[in-house]
$ cat upload_24.cif   # mmCIF, N, CA and C atoms, pLDDT in the B column; chains and numbers go by the auth columns
data_my_file
loop_
_atom_site.group_PDB
_atom_site.id
_atom_site.type_symbol
_atom_site.label_atom_id
_atom_site.label_comp_id
_atom_site.label_asym_id
_atom_site.label_seq_id
_atom_site.Cartn_x
_atom_site.Cartn_y
_atom_site.Cartn_z
_atom_site.B_iso_or_equiv
_atom_site.auth_seq_id
_atom_site.auth_asym_id
ATOM 1 N N MET A 1 27.541 -24.075 46.472 90.00 1 A
ATOM 2 C CA MET A 1 27.416 -24.300 45.059 90.00 1 A
ATOM 3 C C MET A 1 27.910 -23.079 44.308 90.00 1 A
ATOM 4 N N GLN A 2 28.373 -23.297 43.134 90.00 2 A
ATOM 5 C CA GLN A 2 28.886 -22.206 42.315 90.00 2 A
ATOM 6 C C GLN A 2 28.092 -22.146 41.014 90.00 2 A
ATOM 7 N N PHE A 3 27.756 -20.926 40.616 93.00 3 A
ATOM 8 C CA PHE A 3 27.032 -20.701 39.367 93.00 3 A
ATOM 9 C C PHE A 3 27.759 -19.640 38.561 93.00 3 A
ATOM 10 N N ASN A 4 27.681 -19.735 37.272 90.00 4 A
ATOM 11 C CA ASN A 4 28.324 -18.748 36.407 90.00 4 A
ATOM 12 C C ASN A 4 27.469 -17.513 36.207 90.00 4 A
ATOM 13 N N ARG A 5 26.166 -17.657 36.424 93.00 5 A
ATOM 14 C CA ARG A 5 25.261 -16.519 36.224 93.00 5 A
ATOM 15 C C ARG A 5 24.467 -16.232 37.489 93.00 5 A
ATOM 16 N N GLU A 6 24.278 -14.972 37.774 95.00 6 A
ATOM 17 C CA GLU A 6 23.502 -14.546 38.934 95.00 6 A
ATOM 18 C C GLU A 6 22.086 -15.100 38.869 95.00 6 A
ATOM 19 N N SER A 7 21.486 -15.093 37.700 96.00 7 A
ATOM 20 C CA SER A 7 20.112 -15.577 37.561 96.00 7 A
ATOM 21 C C SER A 7 19.993 -17.044 37.954 96.00 7 A
ATOM 22 N N ASP A 8 21.000 -17.856 37.656 96.00 8 A
ATOM 23 C CA ASP A 8 20.984 -19.264 38.046 96.00 8 A
ATOM 24 C C ASP A 8 21.052 -19.408 39.566 96.00 8 A
ATOM 25 N N ALA A 9 21.896 -18.625 40.194 96.00 9 A
ATOM 26 C CA ALA A 9 22.025 -18.668 41.652 96.00 9 A
ATOM 27 C C ALA A 9 20.718 -18.246 42.320 96.00 9 A
ATOM 28 N N LEU A 10 20.074 -17.228 41.782 97.00 10 A
ATOM 29 C CA LEU A 10 18.824 -16.755 42.376 97.00 10 A
ATOM 30 C C LEU A 10 17.705 -17.779 42.216 97.00 10 A
ATOM 31 N N ARG A 11 17.651 -18.457 41.091 97.00 11 A
ATOM 32 C CA ARG A 11 16.652 -19.516 40.911 97.00 11 A
ATOM 33 C C ARG A 11 16.870 -20.640 41.912 97.00 11 A
ATOM 34 N N ARG A 12 18.133 -21.017 42.089 97.00 12 A
ATOM 35 C CA ARG A 12 18.436 -22.113 43.004 97.00 12 A
ATOM 36 C C ARG A 12 18.123 -21.741 44.441 97.00 12 A
ATOM 37 N N VAL A 13 18.475 -20.529 44.859 97.00 13 A
ATOM 38 C CA VAL A 13 18.214 -20.136 46.246 97.00 13 A
ATOM 39 C C VAL A 13 16.706 -20.071 46.511 97.00 13 A
ATOM 40 N N ASP A 14 15.930 -19.688 45.525 96.00 14 A
ATOM 41 C CA ASP A 14 14.474 -19.685 45.687 96.00 14 A
ATOM 42 C C ASP A 14 13.955 -21.102 45.911 96.00 14 A
ATOM 43 N N ARG A 15 14.473 -22.059 45.157 97.00 15 A
ATOM 44 C CA ARG A 15 14.051 -23.461 45.333 97.00 15 A
ATOM 45 C C ARG A 15 14.518 -24.014 46.680 97.00 15 A
ATOM 46 N N MET A 16 15.729 -23.679 47.062 96.00 16 A
ATOM 47 C CA MET A 16 16.265 -24.182 48.329 96.00 16 A
ATOM 48 C C MET A 16 15.517 -23.615 49.525 96.00 16 A
ATOM 49 N N ALA A 17 14.982 -22.417 49.388 96.00 17 A
ATOM 50 C CA ALA A 17 14.245 -21.781 50.484 96.00 17 A
ATOM 51 C C ALA A 17 13.010 -22.592 50.866 96.00 17 A
ATOM 52 N N GLU A 18 12.496 -23.371 49.935 95.00 18 A
ATOM 53 C CA GLU A 18 11.326 -24.205 50.224 95.00 18 A
ATOM 54 C C GLU A 18 11.686 -25.411 51.088 95.00 18 A
ATOM 55 N N GLN A 19 12.964 -25.762 51.152 96.00 19 A
ATOM 56 C CA GLN A 19 13.398 -26.974 51.854 96.00 19 A
ATOM 57 C C GLN A 19 14.254 -26.710 53.087 96.00 19 A
ATOM 58 N N HIS A 20 14.732 -25.478 53.249 97.00 20 A
ATOM 59 C CA HIS A 20 15.655 -25.163 54.332 97.00 20 A
ATOM 60 C C HIS A 20 15.162 -23.970 55.138 97.00 20 A
ATOM 61 N N ALA A 21 15.577 -23.931 56.404 96.00 21 A
ATOM 62 C CA ALA A 21 15.150 -22.852 57.298 96.00 21 A
ATOM 63 C C ALA A 21 15.703 -21.502 56.890 96.00 21 A
ATOM 64 N N GLY A 22 16.876 -21.484 56.278 96.00 22 A
ATOM 65 C CA GLY A 22 17.485 -20.231 55.846 96.00 22 A
ATOM 66 C C GLY A 22 18.529 -20.481 54.777 96.00 22 A
ATOM 67 N N VAL A 23 18.528 -19.632 53.774 96.00 23 A
ATOM 68 C CA VAL A 23 19.498 -19.739 52.683 96.00 23 A
ATOM 69 C C VAL A 23 19.908 -18.343 52.222 96.00 23 A
ATOM 70 N N VAL A 24 21.104 -18.255 51.669 95.00 24 A
ATOM 71 C CA VAL A 24 21.584 -17.007 51.082 95.00 24 A
ATOM 72 C C VAL A 24 22.218 -17.311 49.732 95.00 24 A
ATOM 73 N N ALA A 25 22.214 -16.327 48.877 95.00 25 A
ATOM 74 C CA ALA A 25 22.951 -16.378 47.615 95.00 25 A
ATOM 75 C C ALA A 25 23.887 -15.183 47.605 95.00 25 A
ATOM 76 N N VAL A 26 25.139 -15.424 47.254 94.00 26 A
ATOM 77 C CA VAL A 26 26.131 -14.362 47.202 94.00 26 A
ATOM 78 C C VAL A 26 26.858 -14.392 45.867 94.00 26 A
ATOM 79 N N ALA A 27 27.422 -13.256 45.514 94.00 27 A
ATOM 80 C CA ALA A 27 28.314 -13.152 44.358 94.00 27 A
ATOM 81 C C ALA A 27 29.667 -12.715 44.886 94.00 27 A
ATOM 82 N N GLN A 28 30.711 -13.295 44.340 93.00 28 A
ATOM 83 C CA GLN A 28 32.055 -12.905 44.766 93.00 28 A
ATOM 84 C C GLN A 28 32.907 -12.622 43.544 93.00 28 A
ATOM 85 N N GLU A 29 33.567 -11.476 43.589 92.00 29 A
ATOM 86 C CA GLU A 29 34.473 -11.106 42.508 92.00 29 A
ATOM 87 C C GLU A 29 35.682 -12.035 42.537 92.00 29 A
ATOM 88 N N PHE A 30 36.205 -12.351 41.351 91.00 30 A
ATOM 89 C CA PHE A 30 37.372 -13.212 41.249 91.00 30 A
ATOM 90 C C PHE A 30 38.234 -12.745 40.096 91.00 30 A
ATOM 91 N N ASP A 31 39.507 -12.589 40.361 90.00 31 A
ATOM 92 C CA ASP A 31 40.469 -12.202 39.333 90.00 31 A
ATOM 93 C C ASP A 31 41.164 -13.466 38.848 90.00 31 A
ATOM 94 N N GLY A 32 40.801 -13.922 37.659 88.00 32 A
ATOM 95 C CA GLY A 32 41.364 -15.141 37.112 88.00 32 A
ATOM 96 C C GLY A 32 42.858 -15.074 36.878 88.00 32 A
ATOM 97 N N ASP A 33 43.375 -13.893 36.608 92.00 33 A
ATOM 98 C CA ASP A 33 44.809 -13.746 36.355 92.00 33 A
ATOM 99 C C ASP A 33 45.636 -13.921 37.631 92.00 33 A
ATOM 100 N N SER A 34 45.179 -13.281 38.707 95.00 34 A
ATOM 101 C CA SER A 34 45.942 -13.335 39.956 95.00 34 A
ATOM 102 C C SER A 34 45.453 -14.440 40.891 95.00 34 A
ATOM 103 N N GLY A 35 44.218 -14.925 40.673 91.00 35 A
ATOM 104 C CA GLY A 35 43.649 -15.930 41.560 91.00 35 A
ATOM 105 C C GLY A 35 43.093 -15.350 42.847 91.00 35 A
ATOM 106 N N GLU A 36 43.027 -14.021 42.924 94.00 36 A
ATOM 107 C CA GLU A 36 42.559 -13.372 44.147 94.00 36 A
ATOM 108 C C GLU A 36 41.052 -13.217 44.152 94.00 36 A
ATOM 109 N N MET A 37 40.484 -13.418 45.349 92.00 37 A
ATOM 110 C CA MET A 37 39.058 -13.216 45.557 92.00 37 A
ATOM 111 C C MET A 37 38.839 -11.759 45.939 92.00 37 A
ATOM 112 N N GLY A 38 37.743 -11.199 45.442 91.00 38 A
ATOM 113 C CA GLY A 38 37.425 -9.810 45.737 91.00 38 A
ATOM 114 C C GLY A 38 36.188 -9.683 46.602 91.00 38 A
ATOM 115 N N LYS A 39 35.481 -8.597 46.412 91.00 39 A
ATOM 116 C CA LYS A 39 34.308 -8.244 47.195 91.00 39 A
ATOM 117 C C LYS A 39 33.213 -9.304 47.066 91.00 39 A
ATOM 118 N N THR A 40 32.530 -9.579 48.188 92.00 40 A
ATOM 119 C CA THR A 40 31.386 -10.482 48.207 92.00 40 A
ATOM 120 C C THR A 40 30.123 -9.653 48.397 92.00 40 A
ATOM 121 N N THR A 41 29.098 -9.939 47.585 94.00 41 A
ATOM 122 C CA THR A 41 27.850 -9.192 47.614 94.00 41 A
ATOM 123 C C THR A 41 26.689 -10.144 47.885 94.00 41 A
ATOM 124 N N LEU A 42 25.816 -9.780 48.795 94.00 42 A
ATOM 125 C CA LEU A 42 24.622 -10.566 49.091 94.00 42 A
ATOM 126 C C LEU A 42 23.595 -10.343 47.982 94.00 42 A
ATOM 127 N N LEU A 43 23.169 -11.420 47.336 96.00 43 A
ATOM 128 C CA LEU A 43 22.170 -11.328 46.267 96.00 43 A
ATOM 129 C C LEU A 43 20.763 -11.562 46.784 96.00 43 A
ATOM 130 N N ALA A 44 20.616 -12.524 47.709 96.00 44 A
ATOM 131 C CA ALA A 44 19.287 -12.856 48.231 96.00 44 A
ATOM 132 C C ALA A 44 19.424 -13.542 49.579 96.00 44 A
ATOM 133 N N GLN A 45 18.399 -13.385 50.397 95.00 45 A
ATOM 134 C CA GLN A 45 18.321 -14.039 51.698 95.00 45 A
ATOM 135 C C GLN A 45 16.888 -14.491 51.900 95.00 45 A
ATOM 136 N N HIS A 46 16.717 -15.723 52.357 96.00 46 A
ATOM 137 C CA HIS A 46 15.393 -16.258 52.661 96.00 46 A
ATOM 138 C C HIS A 46 15.449 -16.951 54.009 96.00 46 A
ATOM 139 N N GLY A 47 14.452 -16.717 54.838 96.00 47 A
ATOM 140 C CA GLY A 47 14.349 -17.428 56.111 96.00 47 A
ATOM 141 C C GLY A 47 15.305 -16.926 57.167 96.00 47 A
ATOM 142 N N ASP A 48 15.578 -17.832 58.106 95.00 48 A
ATOM 143 C CA ASP A 48 16.421 -17.514 59.257 95.00 48 A
ATOM 144 C C ASP A 48 17.892 -17.715 58.910 95.00 48 A
ATOM 145 N N VAL A 49 18.628 -16.621 58.938 92.00 49 A
ATOM 146 C CA VAL A 49 20.060 -16.648 58.650 92.00 49 A
ATOM 147 C C VAL A 49 20.768 -15.947 59.803 92.00 49 A
ATOM 148 N N PRO A 50 21.833 -16.533 60.341 92.00 50 A
ATOM 149 C CA PRO A 50 22.533 -15.914 61.475 92.00 50 A
ATOM 150 C C PRO A 50 22.991 -14.488 61.152 92.00 50 A
ATOM 151 N N GLU A 51 22.774 -13.597 62.107 91.00 51 A
ATOM 152 C CA GLU A 51 23.183 -12.199 61.948 91.00 51 A
ATOM 153 C C GLU A 51 24.674 -12.082 61.653 91.00 51 A
ATOM 154 N N GLU A 52 25.484 -12.962 62.257 90.00 52 A
ATOM 155 C CA GLU A 52 26.929 -12.903 62.050 90.00 52 A
ATOM 156 C C GLU A 52 27.290 -13.078 60.571 90.00 52 A
ATOM 157 N N LEU A 53 26.530 -13.918 59.903 86.00 53 A
ATOM 158 C CA LEU A 53 26.776 -14.120 58.479 86.00 53 A
ATOM 159 C C LEU A 53 26.451 -12.857 57.691 86.00 53 A
ATOM 160 N N LEU A 54 25.343 -12.243 58.006 86.00 54 A
ATOM 161 C CA LEU A 54 24.897 -11.066 57.261 86.00 54 A
ATOM 162 C C LEU A 54 25.761 -9.835 57.532 86.00 54 A
ATOM 163 N N GLU A 55 26.454 -9.796 58.664 86.00 55 A
ATOM 164 C CA GLU A 55 27.318 -8.658 58.979 86.00 55 A
ATOM 165 C C GLU A 55 28.489 -8.540 58.012 86.00 55 A
ATOM 166 N N ASN A 56 28.798 -9.589 57.293 77.00 56 A
ATOM 167 C CA ASN A 56 29.936 -9.582 56.375 77.00 56 A
ATOM 168 C C ASN A 56 29.608 -8.940 55.033 77.00 56 A
ATOM 169 N N PHE A 57 28.371 -8.523 54.828 76.00 57 A
ATOM 170 C CA PHE A 57 27.993 -7.974 53.533 76.00 57 A
ATOM 171 C C PHE A 57 27.691 -6.515 53.614 76.00 57 A
#

$ encode --input "upload_24.cif" --output "structure tokens"
Amino acid sequence: MQFNRESDALRRVDRMAEQHAGVVAVAQEFDGDSGEMGKTTLLAQHGDVPEELLENF
């Protein structure tokens, strides 16, 4: 899912944590002019999340 605001993503990940074994929320930089994706930052983690996923942050 995509959110325009960090606060919206954090609210959603908190709700999803009640229904799923593991969830993460991330933010990713995006340059609208070039279309390039930039750095990805982990905002929140709840529950069981594979270590391989977390190594990317």

$ residues_around --input "upload_24.cif" --residues "Lys39 (chain A)" --least-positions-apart "5" --cutoff "6.5 Å" --atoms "all atoms listed in the file" --output "PyMOL selection string"
chain A and resi 27-30

$ select_by_dssp --input "upload_24.cif" --residues "chain A" --states "alpha helix (DSSP H)" --output "tab-separated table (two decimals) with N, CA and C atoms, in the coordinates of the input"
chain	number	residue	atom	x	y	z
A	6	GLU	N	24.28	-14.97	37.77
A	6	GLU	CA	23.50	-14.55	38.93
A	6	GLU	C	22.09	-15.10	38.87
A	7	SER	N	21.49	-15.09	37.70
A	7	SER	CA	20.11	-15.58	37.56
A	7	SER	C	19.99	-17.04	37.95
A	8	ASP	N	21.00	-17.86	37.66
A	8	ASP	CA	20.98	-19.26	38.05
A	8	ASP	C	21.05	-19.41	39.57
A	9	ALA	N	21.90	-18.62	40.19
A	9	ALA	CA	22.02	-18.67	41.65
A	9	ALA	C	20.72	-18.25	42.32
A	10	LEU	N	20.07	-17.23	41.78
A	10	LEU	CA	18.82	-16.76	42.38
A	10	LEU	C	17.70	-17.78	42.22
A	11	ARG	N	17.65	-18.46	41.09
A	11	ARG	CA	16.65	-19.52	40.91
A	11	ARG	C	16.87	-20.64	41.91
A	12	ARG	N	18.13	-21.02	42.09
A	12	ARG	CA	18.44	-22.11	43.00
A	12	ARG	C	18.12	-21.74	44.44
A	13	VAL	N	18.48	-20.53	44.86
A	13	VAL	CA	18.21	-20.14	46.25
A	13	VAL	C	16.71	-20.07	46.51
A	14	ASP	N	15.93	-19.69	45.52
A	14	ASP	CA	14.47	-19.68	45.69
A	14	ASP	C	13.96	-21.10	45.91
A	15	ARG	N	14.47	-22.06	45.16
A	15	ARG	CA	14.05	-23.46	45.33
A	15	ARG	C	14.52	-24.01	46.68
A	16	MET	N	15.73	-23.68	47.06
A	16	MET	CA	16.26	-24.18	48.33
A	16	MET	C	15.52	-23.62	49.52
A	17	ALA	N	14.98	-22.42	49.39
A	17	ALA	CA	14.24	-21.78	50.48
A	17	ALA	C	13.01	-22.59	50.87
A	51	GLU	N	22.77	-13.60	62.11
A	51	GLU	CA	23.18	-12.20	61.95
A	51	GLU	C	24.67	-12.08	61.65
A	52	GLU	N	25.48	-12.96	62.26
A	52	GLU	CA	26.93	-12.90	62.05
A	52	GLU	C	27.29	-13.08	60.57
A	53	LEU	N	26.53	-13.92	59.90
A	53	LEU	CA	26.78	-14.12	58.48
A	53	LEU	C	26.45	-12.86	57.69
A	54	LEU	N	25.34	-12.24	58.01
A	54	LEU	CA	24.90	-11.07	57.26
A	54	LEU	C	25.76	-9.84	57.53

$ atom_distance --input "upload_24.cif" --atom1 "CA of Met37 (chain A)" --atom2 "CA of Arg5 (chain A)"
17.0 Å

$ resolve_selection --input "upload_24.cif" --expression "the PyMOL selection byres ((chain A and resi 19-24) around 8)" --output "PDB file with N, CA and C atoms, in the coordinates of the input"
ATOM      1  N   ALA A   9      21.896 -18.625  40.194  1.00 96.00           N
ATOM      2  CA  ALA A   9      22.025 -18.668  41.652  1.00 96.00           C
ATOM      3  C   ALA A   9      20.718 -18.246  42.320  1.00 96.00           C
ATOM      4  N   VAL A  13      18.475 -20.529  44.859  1.00 97.00           N
ATOM      5  CA  VAL A  13      18.214 -20.136  46.246  1.00 97.00           C
ATOM      6  C   VAL A  13      16.706 -20.071  46.511  1.00 97.00           C
ATOM      7  N   ASP A  14      15.930 -19.688  45.525  1.00 96.00           N
ATOM      8  CA  ASP A  14      14.474 -19.685  45.687  1.00 96.00           C
ATOM      9  C   ASP A  14      13.955 -21.102  45.911  1.00 96.00           C
ATOM     10  N   ARG A  15      14.473 -22.059  45.157  1.00 97.00           N
ATOM     11  CA  ARG A  15      14.051 -23.461  45.333  1.00 97.00           C
ATOM     12  C   ARG A  15      14.518 -24.014  46.680  1.00 97.00           C
ATOM     13  N   MET A  16      15.729 -23.679  47.062  1.00 96.00           N
ATOM     14  CA  MET A  16      16.265 -24.182  48.329  1.00 96.00           C
ATOM     15  C   MET A  16      15.517 -23.615  49.525  1.00 96.00           C
ATOM     16  N   ALA A  17      14.982 -22.417  49.388  1.00 96.00           N
ATOM     17  CA  ALA A  17      14.245 -21.781  50.484  1.00 96.00           C
ATOM     18  C   ALA A  17      13.010 -22.592  50.866  1.00 96.00           C
ATOM     19  N   GLU A  18      12.496 -23.371  49.935  1.00 95.00           N
ATOM     20  CA  GLU A  18      11.326 -24.205  50.224  1.00 95.00           C
ATOM     21  C   GLU A  18      11.686 -25.411  51.088  1.00 95.00           C
ATOM     22  N   ALA A  25      22.214 -16.327  48.877  1.00 95.00           N
ATOM     23  CA  ALA A  25      22.951 -16.378  47.615  1.00 95.00           C
ATOM     24  C   ALA A  25      23.887 -15.183  47.605  1.00 95.00           C
ATOM     25  N   VAL A  26      25.139 -15.424  47.254  1.00 94.00           N
ATOM     26  CA  VAL A  26      26.131 -14.362  47.202  1.00 94.00           C
ATOM     27  C   VAL A  26      26.858 -14.392  45.867  1.00 94.00           C
ATOM     28  N   ALA A  27      27.422 -13.256  45.514  1.00 94.00           N
ATOM     29  CA  ALA A  27      28.314 -13.152  44.358  1.00 94.00           C
ATOM     30  C   ALA A  27      29.667 -12.715  44.886  1.00 94.00           C
ATOM     31  N   LEU A  42      25.816  -9.780  48.795  1.00 94.00           N
ATOM     32  CA  LEU A  42      24.622 -10.566  49.091  1.00 94.00           C
ATOM     33  C   LEU A  42      23.595 -10.343  47.982  1.00 94.00           C
ATOM     34  N   LEU A  43      23.169 -11.420  47.336  1.00 96.00           N
ATOM     35  CA  LEU A  43      22.170 -11.328  46.267  1.00 96.00           C
ATOM     36  C   LEU A  43      20.763 -11.562  46.784  1.00 96.00           C
ATOM     37  N   ALA A  44      20.616 -12.524  47.709  1.00 96.00           N
ATOM     38  CA  ALA A  44      19.287 -12.856  48.231  1.00 96.00           C
ATOM     39  C   ALA A  44      19.424 -13.542  49.579  1.00 96.00           C
ATOM     40  N   GLN A  45      18.399 -13.385  50.397  1.00 95.00           N
ATOM     41  CA  GLN A  45      18.321 -14.039  51.698  1.00 95.00           C
ATOM     42  C   GLN A  45      16.888 -14.491  51.900  1.00 95.00           C
ATOM     43  N   HIS A  46      16.717 -15.723  52.357  1.00 96.00           N
ATOM     44  CA  HIS A  46      15.393 -16.258  52.661  1.00 96.00           C
ATOM     45  C   HIS A  46      15.449 -16.951  54.009  1.00 96.00           C
ATOM     46  N   GLY A  47      14.452 -16.717  54.838  1.00 96.00           N
ATOM     47  CA  GLY A  47      14.349 -17.428  56.111  1.00 96.00           C
ATOM     48  C   GLY A  47      15.305 -16.926  57.167  1.00 96.00           C
ATOM     49  N   ASP A  48      15.578 -17.832  58.106  1.00 95.00           N
ATOM     50  CA  ASP A  48      16.421 -17.514  59.257  1.00 95.00           C
ATOM     51  C   ASP A  48      17.892 -17.715  58.910  1.00 95.00           C
ATOM     52  N   VAL A  49      18.628 -16.621  58.938  1.00 92.00           N
ATOM     53  CA  VAL A  49      20.060 -16.648  58.650  1.00 92.00           C
ATOM     54  C   VAL A  49      20.768 -15.947  59.803  1.00 92.00           C
ATOM     55  N   PRO A  50      21.833 -16.533  60.341  1.00 92.00           N
ATOM     56  CA  PRO A  50      22.533 -15.914  61.475  1.00 92.00           C
ATOM     57  C   PRO A  50      22.991 -14.488  61.152  1.00 92.00           C
TER      58      PRO A  50
END

$ atom_distance --input "upload_24.cif" --atom1 "atom C of Leu53 (chain A)" --atom2 "CA of Arg11 (chain A)"
20.5 Å

$ select_by_dssp --input "upload_24.cif" --residues "chain A" --states "strand (DSSP E)" --output "PyMOL selection string"
chain A and resi 22-31+36-47

$ decode --input "upload_24.cif" --residues "region 11-52 of chain A" --atoms "C-alpha atoms" --output "PDB file, in the first residue's frame"
ATOM      1  CA  ARG A  11      -1.620   4.086  11.689  1.00  0.00           C
ATOM      2  CA  ARG A  12      -2.259   1.419   9.084  1.00  0.00           C
ATOM      3  CA  VAL A  13       0.678  -0.766  10.118  1.00  0.00           C
ATOM      4  CA  ASP A  14      -0.521  -0.627  13.731  1.00  0.00           C
ATOM      5  CA  ARG A  15      -3.965  -1.868  12.656  1.00  0.00           C
ATOM      6  CA  MET A  16      -2.508  -4.545  10.397  1.00  0.00           C
ATOM      7  CA  ALA A  17      -0.320  -5.839  13.231  1.00  0.00           C
ATOM      8  CA  GLU A  18      -3.492  -6.993  14.982  1.00  0.00           C
ATOM      9  CA  GLN A  19      -4.368  -9.267  12.036  1.00  0.00           C
ATOM     10  CA  HIS A  20      -1.005 -10.463  10.703  1.00  0.00           C
ATOM     11  CA  ALA A  21       1.993 -12.306  12.121  1.00  0.00           C
ATOM     12  CA  GLY A  22       4.397  -9.608  10.949  1.00  0.00           C
ATOM     13  CA  VAL A  23       4.189  -6.253   9.218  1.00  0.00           C
ATOM     14  CA  VAL A  24       6.533  -3.412   8.316  1.00  0.00           C
ATOM     15  CA  ALA A  25       6.080   0.179   7.227  1.00  0.00           C
ATOM     16  CA  VAL A  26       8.722   1.818   5.063  1.00  0.00           C
ATOM     17  CA  ALA A  27       9.308   5.195   3.459  1.00  0.00           C
ATOM     18  CA  GLN A  28      11.024   5.470   0.112  1.00  0.00           C
ATOM     19  CA  GLU A  29      12.432   8.584  -1.470  1.00  0.00           C
ATOM     20  CA  PHE A  30      11.183   9.311  -4.983  1.00  0.00           C
ATOM     21  CA  ASP A  31      12.322  11.901  -7.488  1.00  0.00           C
ATOM     22  CA  GLY A  32       9.256  12.877  -9.494  1.00  0.00           C
ATOM     23  CA  ASP A  33      11.330  14.621 -12.148  1.00  0.00           C
ATOM     24  CA  SER A  34      13.599  11.686 -12.961  1.00  0.00           C
ATOM     25  CA  GLY A  35      11.296   8.867 -11.814  1.00  0.00           C
ATOM     26  CA  GLU A  36      14.131   7.380  -9.770  1.00  0.00           C
ATOM     27  CA  MET A  37      13.604   5.653  -6.451  1.00  0.00           C
ATOM     28  CA  GLY A  38      15.932   6.605  -3.628  1.00  0.00           C
ATOM     29  CA  LYS A  39      16.738   5.450  -0.118  1.00  0.00           C
ATOM     30  CA  THR A  40      14.257   3.217   1.734  1.00  0.00           C
ATOM     31  CA  THR A  41      13.816   3.750   5.480  1.00  0.00           C
ATOM     32  CA  LEU A  42      12.142   1.395   7.958  1.00  0.00           C
ATOM     33  CA  LEU A  43       9.436   3.292   9.868  1.00  0.00           C
ATOM     34  CA  ALA A  44       7.963   0.484  11.978  1.00  0.00           C
ATOM     35  CA  GLN A  45       8.098  -3.269  12.483  1.00  0.00           C
ATOM     36  CA  HIS A  46       5.610  -5.450  14.347  1.00  0.00           C
ATOM     37  CA  GLY A  47       5.721  -9.193  14.929  1.00  0.00           C
ATOM     38  CA  ASP A  48       7.721 -11.775  13.049  1.00  0.00           C
ATOM     39  CA  VAL A  49       9.486 -10.349  10.014  1.00  0.00           C
ATOM     40  CA  PRO A  50      12.176 -12.256   8.074  1.00  0.00           C
ATOM     41  CA  GLU A  51      15.702 -11.113   8.918  1.00  0.00           C
ATOM     42  CA  GLU A  52      16.499 -10.938   5.192  1.00  0.00           C
TER      43      GLU A  52
END
